[in-house]
Amino acid sequence: MQRSIDRPLWALFVGPYGVYLVILLVVPLVNIAVYSVYTYSPTKIAVPDLTAANYARLWDAYYIQLFLRTTKLALVTTVICAVLGYPVAYTLARARPALMSLGLFLLVVPLMVSTVIRVFGWVVILGRNGLVNEVLDLLGLEPFRVMYTETAVVIGLVNIFMPFMVLPMMSAIERIPPSFEEAATNLGANWFQMFARVILPLSYPGLVSGSLLVYSVSLSAFVTPVLMGGARIRVIGSQIFDEVLVSFNWPGASSLALVVIAATTMLVLVALRATRAAARLESRQ
């Protein structure tokens with residue numbers, strides 16, 4: 001009797017979210033998959049003649065370079081966010097409640113500001129006549145060019161996606177008892193040894209979750225690479241945008257988007273399996 005009551009309640013709570021996913025995630029993905037095997041038409045956008053040419057063209061040198069550049073930018077952004085985010089996450093996790101609340105507020109508030117506005121803020125700072133070059137000019141130093149380079153894109157991506165790395169790592173560090181750190185210190189370990197042998201291994205799930213989030217959103221970023229990278233630093237997001245709204249090559253854009261989705265999904269599955277394997281190994285020890 002209890003099971004017959006629980007099942008409708010379970011379906012009642014999960015059902016709306018399931019419908020939401022089907023309508024806004026599954027149906028668009030199926031539509032993209034269908035368009036990816038259609039034939040491009042300059043007049044009709046796409047005609048229902050099945051073809052593999054949309055995927056075959058992705059082996060061209062231009063698209064390979066596009067994938068490599070986008071992957072490199074996403075990986076560099078993820079590594080920098082992890083390196084810079086660990087001290088912030090550790091400090092917030094071990095801070096007093098009032099200081100932690102203030103730190104979380106400062107960390108999350110930028111997410112409430114439009115990405116375009118934040119990127120234009122970096123343009124003002126790093127532009128040819130921006131704040132940095134003005135200061136260098138006053139000091140008698142040679143101004144340098146940062147805007148419209150890969151370095152500028154990485155700076156913008158790190159600034160925007162840092163909270164996605166810090167929050168999961170902070171949550172993982174909070175679950176580590178402070179007594180573990182005290183035991184390591186009593187055994188003669190300095191702070192860096194304690195971090196490498198205690199904090200880092202035990203916060204590994206948070207690091208993996210944050211890395212997956214940052215890598216995924218960096219791989220599909222569009223606004224930041226376009227505004228801070230310019231026309232020369234093209235990434236997958238800008239290429240998909242141009243093919244959809246400029247050349248109206250929806251089948252080509254669909255194949256490119258589907259390959260990115262598939263690659264990201266495979267990476268997530270591999271990372272989750274590695275995390276579970278590490279958790280099982282740790283529980284056996």
# chains A, B, ... in the order shown; residues from 1 in each chain; ligands from 1
>>> residues_around(residues="range 120-135 of chain A", least_positions_apart="5", cutoff="7 Å", atoms="only C-alpha atoms", output="PyMOL selection string")
chain A and resi 143-147
>>> write_last_selection(atoms="C-alpha atoms", output="PDB file, in the first residue's frame")
ATOM      1  CA  PRO A 143      52.448  50.105 -23.818  1.00  0.00           C
ATOM      2  CA  PHE A 144      51.666  46.539 -24.802  1.00  0.00           C
ATOM      3  CA  ARG A 145      48.886  44.990 -26.805  1.00  0.00           C
ATOM      4  CA  VAL A 146      46.630  42.535 -25.016  1.00  0.00           C
ATOM      5  CA  MET A 147      43.235  43.013 -26.562  1.00  0.00           C
TER       6      MET A 147
END
>>> residues_around(residues="Ser36 in chain A", least_positions_apart="5", cutoff="6 Å", atoms="only C-alpha atoms", output="list in words")
Pro251, Ser254 and Ser255 of chain A
>>> write_last_selection(atoms="C-alpha atoms", output="compact mmCIF listing (two decimals), in the first residue's frame")
# COMPACT_ATOMS: atom_id res chain seq x y z
CA PRO A 251 23.13 21.73 -41.33
CA SER A 254 24.24 21.49 -36.42
CA SER A 255 27.00 19.01 -37.22
>>> residues_around(residues="Asn249 in chain A", least_positions_apart="5", cutoff="7 Å", atoms="only C-alpha atoms", output="list in words")
Tyr40, Ile45, Glu243 and Val244 of chain A
>>> write_last_selection(atoms="C-alpha atoms", output="PDB file, in the first residue's frame")
ATOM      1  CA  TYR A  40      22.547  22.617 -47.139  1.00  0.00           C
ATOM      2  CA  ILE A  45      18.580  26.574 -45.730  1.00  0.00           C
ATOM      3  CA  GLU A 243      26.935  29.648 -39.882  1.00  0.00           C
ATOM      4  CA  VAL A 244      23.484  30.037 -38.328  1.00  0.00           C
TER       5      VAL A 244
END
>>> closest_residue(among="A:Ile261, A:Leu68, A:Val26, A:Val198", to="Ala184 in chain A", atoms="only C-alpha atoms")
A:Val198
>>> select_by_dssp(residues="range 48-194 of chain A", states="helix (DSSP H, G or I)", output="PyMOL selection string")
chain A and resi 53-59+61-94+97-112+115-126+131-138+150-174+178-186+191-194
>>> closest_residue(among="A:Thr115, A:Ser238, A:Thr70, A:Ser247", to="Val226 in chain A", atoms="only C-alpha atoms")
A:Ser238
>>> atom_distance(atom1="CA of Pro16 in chain A", atom2="CA of Ala271 in chain A")
29.0 Å
